[in-house]
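Novice: Before we start, here is the structure in question, set down as structure tokens.
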2 protein chains.
Amino acid sequence: MNLSSRQLRAFVALNETRNFTRAAEQCHLSQPAFSALIRSLEDGVGTRLFDRDTRKVQLTTEGGLFAEAAERLLADMDHILEDLTDHVERRKGRVAVAALPSLAAGWLPDVFAEFRAMYPGIELSLHDMLSDQCIDMVRAGKVDFAFAAGGDNNPELATEVVCADEFHLVCRKDHPLARLKRIEPRQLLNHPFVHMGRSSSVRQHLEAILHPLQMNSVLEVEHLATVMGMVKRGVGISVVPALTLFHFQHEDVVTRPLHVSGITRRILLVSRADRSLSVAAQALYDLALARRPDGKLPTAKRKSRSARLQG
Amino acid sequence: MNLSSRQLRAFVALNETRNFTRAAEQCHLSQPAFSALIRSLEDGVGTRLFDRDTRKVQLTTEGGLFAEAAERLLADMDHILEDLTDHVERRKGRVAVAALPSLAAGWLPDVFAEFRAMYPGIELSLHDMLSDQCIDMVRAGKVDFAFAAGGDNNPELATEVVCADEFHLVCRKDHPLARLKRIEPRQLLNHPFVHMGRSSSVRQHLEAILHPLQMNSVLEVEHLATVMGMVKRGVGISVVPALTLFHFQHEDVVTRPLHVSGITRRILLVSRADRSLSVAAQALYDLALARRPDGKLPTAKRKSRSARLQG
DNA sequence: CACACTTACGATATTCGTAAGGATT
DNA sequence: AATCCTTACGAATATCGTAAGTGTG
């Protein structure tokens, strides 16, 4: 048989009021329609649940059995629906993301802060790690999506370009290159250079630009903060993406756009192609896109997660 | 919102099979109708519960939340409906009745035995007590109905005549009255007489017959078995209703119909007028009527419980 | 005769199955 | 080409509210 929550609600209302007219109002139904609803329930279970005449409405023996159970059932149902609605309306939930360390430290805090203010009930989890690890987290389902610098050539993954992160020279303000407004890669030759480790996405993108050139490498470090320390002290110069420039805000250090034709580090939102994002994750995803850094053109997309969700 | 058990069943079926076509069969629906049912559920809760394309069907994050709850809810619902159905189909239940001691010992055992054989899952409870106490038990709701010898003048109660219980003389076979086939009340005069206590319904009905006569009372006892003992030993004679004659089956004792115009002890089924009987109680009620002793005419009814239940 | 539940009935909504459509392998 | 979900659509069914009916105090 079919048992609907409307029937349960009608039953409970009638059991509380013991009056068809008032119970009908409570259910936003005309009294005859309510009467029919109770009758349909009784037909469904195969027995009268209420004894009724014009003067009195009361449970039958079988109605009494049903009453306890029905109230529990209805409370359960309401609880479940309420919990689900809380998720749908973003009062509850959990989003796990992975992000490149530079994004995690520089741009994401703004996004996360705004997100937390909008949806204080949603738990956030951030894994700051290198791009390849970020993508592995997505593929393994450990995170809902990732901010990475690649992954757009894997059919398992859906990607969307967040921004094009262009490269900048960083050096001391008294360095000869600091006088130039715009700088070309070959001008970096012979100046002592501080590199990031080869596993970092910054370094990997730099190779595409600087590989043909004979660099004067003096040091290779793991963290951008260390690069900053070295540059500030005049150990060397370096080249970093725009989104990491917040590390280099200091009076002794200047930054200059690097004039490179077409080669940029593209920041991507990477998620699994085979499953939709949770409501909470989608909200963070959309907010991140809405607050994308002003890194120029979004260029060509593969599968837009936002577009897909419209379907 | 409205949430039906059909939607829950569809959800669970789809989650188990992960295939619309097979889940639709399982729900006895065409596949498009099943699809619409899932969609109506998703519309109701306000979010997609399954990610699906032509190749794969799997839960969304929100669907996963719903799945655990839905299975519990459905199991609960099935359990409740099954329990109720067990009662409706008389596999479970409980009936409490009150009955006059004479009926409880003589006729009811047959009815109860047959009832237990038909409905072994239904618990029975029998209170053997005097007629007025039986009726009080009905009014107090302590029993479902009673077999009594009165109560047909109370508007709270619905009564139905089971049988007319006619009076018989009991005496030793060597008693002078034993030779007669039929006996009139005045012939009892002067023979030593063993009475039941004044609170018994047998005695109360006898008063109506014998009050004008000067009886030769030698003894007043509480129980019919004691009356039997006294009669068998020749202490006296007595007059008892037909339904109690099983007490007097002995080679030394004879029973003779008493010729009384119109005065009988009517045995009534007494129940509350304001509420229906439980399915189980109704079954016993109906069986009792079907197996009524052959005590002549059912005479005039007030409210027939059987008739009322048709409504 | 006033109150409260039921029945009657026409209008509106839902739900169904068949058939066609679209996407994926 | 085969599989599988969705859309389209006319038919059957269910549900609604208004209005009339019934029974009780």
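By convention in this document, the chains of the structure tokens carry letters A, B, ... by their order, each chain's residues are numbered from 1, and ligands are numbered from 1 in the order they are shown.
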Can you check which residues of chain B have any atom within 12 Å of chain D? Use only C-alpha atoms (C1' of nucleotides) and format it as JSON, numbers by chain.

Specialist: {"B": [18, 19, 20, 21, 22, 31, 32, 33, 34, 35, 36, 39, 51, 52, 53, 54, 55, 56, 57]}

Novice: Select residues of chain A: the criterion is any atom within 6 Å of an atom of chain B, counting only C-alpha atoms; output as a list of chain:residue names.

Specialist: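 That gives the following set of residues: A:Asn2, A:Leu3, A:Ser4, A:Ser5, A:Arg6, A:Thr61, A:Ser278.
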
Novice: Just want the 8 Å neighbourhood of A:Arg265, counted on only C-alpha atoms (C1' of nucleotides), with same-chain residues fewer than 3 positions away dropped. Output as a tab-separated table (two decimals) with C-alpha atoms, in the first residue's frame.

Specialist:
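Ended up saving to part34.tsv:
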chain	number	residue	atom	x	y	z
A	149	ALA	CA	47.60	24.54	-12.00
A	164	ALA	CA	45.63	33.39	-15.86
A	165	ASP	CA	48.38	33.98	-13.37
A	166	GLU	CA	51.07	36.01	-15.12
A	167	PHE	CA	54.68	36.05	-14.06
A	202	VAL	CA	55.75	27.83	-10.20
A	205	HIS	CA	55.81	26.85	-15.49
A	241	PRO	CA	53.16	34.39	-10.51

Novice: Got a sec: who's within 10 Å of stretch 182-199 of chain A, counting only C-alpha atoms (C1' of nucleotides), leaving out chain neighbours fewer than 4 positions off, as a ChimeraX atom specification?

Specialist: /A:130-132,168-169,171,175-178,203-207,209-210,212-224,226-228,230-231,234-240,256-261

Novice: Set the cut-off to 10 Å and count only C-alpha atoms (C1' of nucleotides): what are the residues of chain C that reach chain B? Output as a ChimeraX atom specification.

Specialist: /C:15-18,23-25

Novice: Set the distance at 10 Å and use only C-alpha atoms (C1' of nucleotides): which residues neighbour B:Leu108 once local chain neighbours fewer than 5 positions away are removed? I'd like the list as a PyMOL selection string.

Specialist: chain B and resi 99-103+113-114+126+147+288+291-292

Novice: Where in stretch 35-220 of chain B does DSSP assign helix (DSSP H, G or I), given as a PyMOL selection string?

Specialist: chain B and resi 35-45+61-88+101-105+108-118+131-139+176-179+185-188+201-210

Novice: Output the selection as a PDB file, in the first residue's frame - C-alpha atoms for each residue.

Specialist:
ATOM      1  CA  SER B  35      11.637   8.402 -13.671  1.00  0.00           C
ATOM      2  CA  ALA B  36       8.903  10.924 -12.956  1.00  0.00           C
ATOM      3  CA  LEU B  37       8.452   9.491  -9.468  1.00  0.00           C
ATOM      4  CA  ILE B  38      12.137   9.982  -8.672  1.00  0.00           C
ATOM      5  CA  ARG B  39      11.954  13.459 -10.122  1.00  0.00           C
ATOM      6  CA  SER B  40       8.921  14.301  -7.969  1.00  0.00           C
ATOM      7  CA  LEU B  41      10.873  13.169  -4.911  1.00  0.00           C
ATOM      8  CA  GLU B  42      13.835  15.309  -5.903  1.00  0.00           C
ATOM      9  CA  ASP B  43      11.567  18.287  -6.545  1.00  0.00           C
ATOM     10  CA  GLY B  44       9.985  17.726  -3.168  1.00  0.00           C
ATOM     11  CA  VAL B  45      13.218  17.719  -1.195  1.00  0.00           C
ATOM     12  CA  THR B  61      26.106  13.892  -1.593  1.00  0.00           C
ATOM     13  CA  GLU B  62      22.610  14.881  -0.498  1.00  0.00           C
ATOM     14  CA  GLY B  63      21.246  11.584  -1.797  1.00  0.00           C
ATOM     15  CA  GLY B  64      23.723   9.812   0.453  1.00  0.00           C
ATOM     16  CA  LEU B  65      22.411  11.699   3.452  1.00  0.00           C
ATOM     17  CA  PHE B  66      18.876  10.765   2.512  1.00  0.00           C
ATOM     18  CA  ALA B  67      19.646   7.111   1.808  1.00  0.00           C
ATOM     19  CA  GLU B  68      20.447   6.012   5.346  1.00  0.00           C
ATOM     20  CA  ALA B  69      17.422   7.784   6.720  1.00  0.00           C
ATOM     21  CA  ALA B  70      15.107   6.584   3.983  1.00  0.00           C
ATOM     22  CA  GLU B  71      15.896   2.946   4.574  1.00  0.00           C
ATOM     23  CA  ARG B  72      15.306   3.259   8.292  1.00  0.00           C
ATOM     24  CA  LEU B  73      12.095   5.141   7.666  1.00  0.00           C
ATOM     25  CA  LEU B  74      10.823   2.603   5.180  1.00  0.00           C
ATOM     26  CA  ALA B  75      11.667  -0.307   7.455  1.00  0.00           C
ATOM     27  CA  ASP B  76       9.833   1.440  10.282  1.00  0.00           C
ATOM     28  CA  MET B  77       6.845   2.085   8.099  1.00  0.00           C
ATOM     29  CA  ASP B  78       6.715  -1.499   6.889  1.00  0.00           C
ATOM     30  CA  HIS B  79       6.994  -2.740  10.433  1.00  0.00           C
ATOM     31  CA  ILE B  80       4.111  -0.586  11.580  1.00  0.00           C
ATOM     32  CA  LEU B  81       1.888  -1.545   8.690  1.00  0.00           C
ATOM     33  CA  GLU B  82       2.717  -5.196   9.139  1.00  0.00           C
ATOM     34  CA  ASP B  83       1.856  -5.036  12.810  1.00  0.00           C
ATOM     35  CA  LEU B  84      -1.425  -3.331  12.051  1.00  0.00           C
ATOM     36  CA  THR B  85      -2.215  -5.819   9.299  1.00  0.00           C
ATOM     37  CA  ASP B  86      -1.536  -8.648  11.741  1.00  0.00           C
ATOM     38  CA  HIS B  87      -4.216  -7.181  13.954  1.00  0.00           C
ATOM     39  CA  VAL B  88      -6.632  -6.599  11.087  1.00  0.00           C
ATOM     40  CA  PRO B 101     -19.830 -17.940  36.095  1.00  0.00           C
ATOM     41  CA  SER B 102     -22.347 -20.390  34.682  1.00  0.00           C
ATOM     42  CA  LEU B 103     -21.533 -19.371  31.101  1.00  0.00           C
ATOM     43  CA  ALA B 104     -17.823 -19.207  31.832  1.00  0.00           C
ATOM     44  CA  ALA B 105     -17.832 -22.807  33.010  1.00  0.00           C
ATOM     45  CA  LEU B 108     -17.855 -20.446  26.818  1.00  0.00           C
ATOM     46  CA  PRO B 109     -15.108 -23.094  26.935  1.00  0.00           C
ATOM     47  CA  ASP B 110     -16.391 -24.457  23.616  1.00  0.00           C
ATOM     48  CA  VAL B 111     -16.405 -20.988  22.079  1.00  0.00           C
ATOM     49  CA  PHE B 112     -12.973 -20.122  23.456  1.00  0.00           C
ATOM     50  CA  ALA B 113     -11.476 -23.408  22.272  1.00  0.00           C
ATOM     51  CA  GLU B 114     -12.763 -22.879  18.770  1.00  0.00           C
ATOM     52  CA  PHE B 115     -11.593 -19.265  18.793  1.00  0.00           C
ATOM     53  CA  ARG B 116      -8.112 -20.215  19.918  1.00  0.00           C
ATOM     54  CA  ALA B 117      -7.912 -22.790  17.143  1.00  0.00           C
ATOM     55  CA  MET B 118      -8.978 -20.231  14.556  1.00  0.00           C
ATOM     56  CA  SER B 131     -23.801 -10.105  36.056  1.00  0.00           C
ATOM     57  CA  ASP B 132     -23.641  -6.631  37.606  1.00  0.00           C
ATOM     58  CA  GLN B 133     -19.880  -6.835  37.923  1.00  0.00           C
ATOM     59  CA  CYS B 134     -19.629  -7.944  34.305  1.00  0.00           C
ATOM     60  CA  ILE B 135     -21.518  -4.853  33.211  1.00  0.00           C
ATOM     61  CA  ASP B 136     -19.346  -2.603  35.358  1.00  0.00           C
ATOM     62  CA  MET B 137     -16.289  -4.061  33.653  1.00  0.00           C
ATOM     63  CA  VAL B 138     -17.759  -3.115  30.276  1.00  0.00           C
ATOM     64  CA  ARG B 139     -18.604   0.401  31.382  1.00  0.00           C
ATOM     65  CA  PRO B 176     -41.610 -37.580  43.750  1.00  0.00           C
ATOM     66  CA  LEU B 177     -41.306 -34.709  41.236  1.00  0.00           C
ATOM     67  CA  ALA B 178     -38.935 -36.793  39.128  1.00  0.00           C
ATOM     68  CA  ARG B 179     -41.859 -38.731  37.739  1.00  0.00           C
ATOM     69  CA  PRO B 185     -43.984 -23.523  39.841  1.00  0.00           C
ATOM     70  CA  ARG B 186     -46.725 -24.211  42.380  1.00  0.00           C
ATOM     71  CA  GLN B 187     -45.761 -27.896  42.403  1.00  0.00           C
ATOM     72  CA  LEU B 188     -42.452 -26.916  44.004  1.00  0.00           C
ATOM     73  CA  SER B 201     -28.612 -13.653  38.515  1.00  0.00           C
ATOM     74  CA  VAL B 202     -30.156 -17.089  38.823  1.00  0.00           C
ATOM     75  CA  ARG B 203     -31.706 -16.146  42.156  1.00  0.00           C
ATOM     76  CA  GLN B 204     -32.794 -12.746  40.898  1.00  0.00           C
ATOM     77  CA  HIS B 205     -34.664 -14.272  37.997  1.00  0.00           C
ATOM     78  CA  LEU B 206     -36.122 -16.984  40.213  1.00  0.00           C
ATOM     79  CA  GLU B 207     -37.618 -14.322  42.474  1.00  0.00           C
ATOM     80  CA  ALA B 208     -39.749 -13.210  39.570  1.00  0.00           C
ATOM     81  CA  ILE B 209     -41.194 -16.678  39.302  1.00  0.00           C
ATOM     82  CA  LEU B 210     -41.238 -17.905  42.873  1.00  0.00           C
TER      83      LEU B 210
END

Novice: Could you jot down the atom CA of B:Thr255 to atom CA of B:Val170 separation for me, Å, one decimal place?

Specialist: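 Between atom CA of B:Thr255 and atom CA of B:Val170 the gap works out to 4.6 Å.
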
Novice: As a PDB file with C-alpha atoms, in the first residue's frame, list the residues of stretch 110-264 of chain A assigned to strand (DSSP E or B) by DSSP on the backbone atoms of this structure.

Specialist:
ATOM      1  CA  ILE A 122      29.147  24.781   6.804  1.00  0.00           C
ATOM      2  CA  GLU A 123      32.369  23.110   7.845  1.00  0.00           C
ATOM      3  CA  LEU A 124      35.391  23.900   5.717  1.00  0.00           C
ATOM      4  CA  SER A 125      38.481  21.853   5.200  1.00  0.00           C
ATOM      5  CA  LEU A 126      41.494  23.015   3.205  1.00  0.00           C
ATOM      6  CA  HIS A 127      44.438  20.933   2.114  1.00  0.00           C
ATOM      7  CA  ASP A 128      47.287  23.145   0.939  1.00  0.00           C
ATOM      8  CA  PHE A 145      37.349  20.063  -5.739  1.00  0.00           C
ATOM      9  CA  ALA A 146      40.761  21.650  -5.985  1.00  0.00           C
ATOM     10  CA  PHE A 147      42.453  24.823  -7.047  1.00  0.00           C
ATOM     11  CA  ALA A 148      45.372  23.599  -9.099  1.00  0.00           C
ATOM     12  CA  LEU A 157      38.139  15.520 -14.326  1.00  0.00           C
ATOM     13  CA  ALA A 158      36.077  18.585 -15.038  1.00  0.00           C
ATOM     14  CA  THR A 159      38.061  21.798 -15.029  1.00  0.00           C
ATOM     15  CA  GLU A 160      37.289  25.448 -15.219  1.00  0.00           C
ATOM     16  CA  VAL A 161      39.803  28.233 -15.584  1.00  0.00           C
ATOM     17  CA  VAL A 162      39.803  30.631 -12.672  1.00  0.00           C
ATOM     18  CA  CYS A 163      42.431  33.022 -13.920  1.00  0.00           C
ATOM     19  CA  ALA A 164      45.625  33.392 -15.860  1.00  0.00           C
ATOM     20  CA  ASP A 165      48.377  33.983 -13.370  1.00  0.00           C
ATOM     21  CA  PHE A 167      54.678  36.054 -14.055  1.00  0.00           C
ATOM     22  CA  HIS A 168      56.469  38.947 -12.391  1.00  0.00           C
ATOM     23  CA  LEU A 169      60.048  39.713 -11.608  1.00  0.00           C
ATOM     24  CA  VAL A 170      60.821  40.333  -7.950  1.00  0.00           C
ATOM     25  CA  CYS A 171      64.037  42.064  -6.912  1.00  0.00           C
ATOM     26  CA  ARG A 172      65.435  44.651  -4.545  1.00  0.00           C
ATOM     27  CA  ILE A 183      60.984  43.116 -18.583  1.00  0.00           C
ATOM     28  CA  PRO A 192      71.805  35.716  -9.594  1.00  0.00           C
ATOM     29  CA  PHE A 193      68.463  33.853  -9.439  1.00  0.00           C
ATOM     30  CA  VAL A 194      66.607  32.175  -6.540  1.00  0.00           C
ATOM     31  CA  HIS A 195      64.524  29.166  -7.725  1.00  0.00           C
ATOM     32  CA  MET A 196      61.612  27.254  -6.247  1.00  0.00           C
ATOM     33  CA  ASN A 216      72.559  32.088 -13.083  1.00  0.00           C
ATOM     34  CA  SER A 217      70.959  29.992 -10.305  1.00  0.00           C
ATOM     35  CA  VAL A 218      72.352  30.635  -6.889  1.00  0.00           C
ATOM     36  CA  LEU A 219      69.799  28.862  -4.732  1.00  0.00           C
ATOM     37  CA  GLU A 220      66.822  26.496  -4.814  1.00  0.00           C
ATOM     38  CA  VAL A 221      64.306  26.673  -1.934  1.00  0.00           C
ATOM     39  CA  ILE A 237      66.202  37.959  -8.030  1.00  0.00           C
ATOM     40  CA  SER A 238      63.285  35.660  -8.829  1.00  0.00           C
ATOM     41  CA  VAL A 239      60.168  35.307 -11.004  1.00  0.00           C
ATOM     42  CA  VAL A 240      56.831  34.400  -9.468  1.00  0.00           C
ATOM     43  CA  PRO A 241      53.156  34.390 -10.509  1.00  0.00           C
ATOM     44  CA  VAL A 253      61.398  44.980  -2.880  1.00  0.00           C
ATOM     45  CA  VAL A 254      59.803  45.822  -6.215  1.00  0.00           C
ATOM     46  CA  THR A 255      57.806  43.703  -8.636  1.00  0.00           C
ATOM     47  CA  ARG A 256      57.670  44.097 -12.393  1.00  0.00           C
ATOM     48  CA  PRO A 257      55.453  42.312 -14.944  1.00  0.00           C
ATOM     49  CA  LEU A 258      57.398  39.915 -17.104  1.00  0.00           C
TER      50      LEU A 258
END
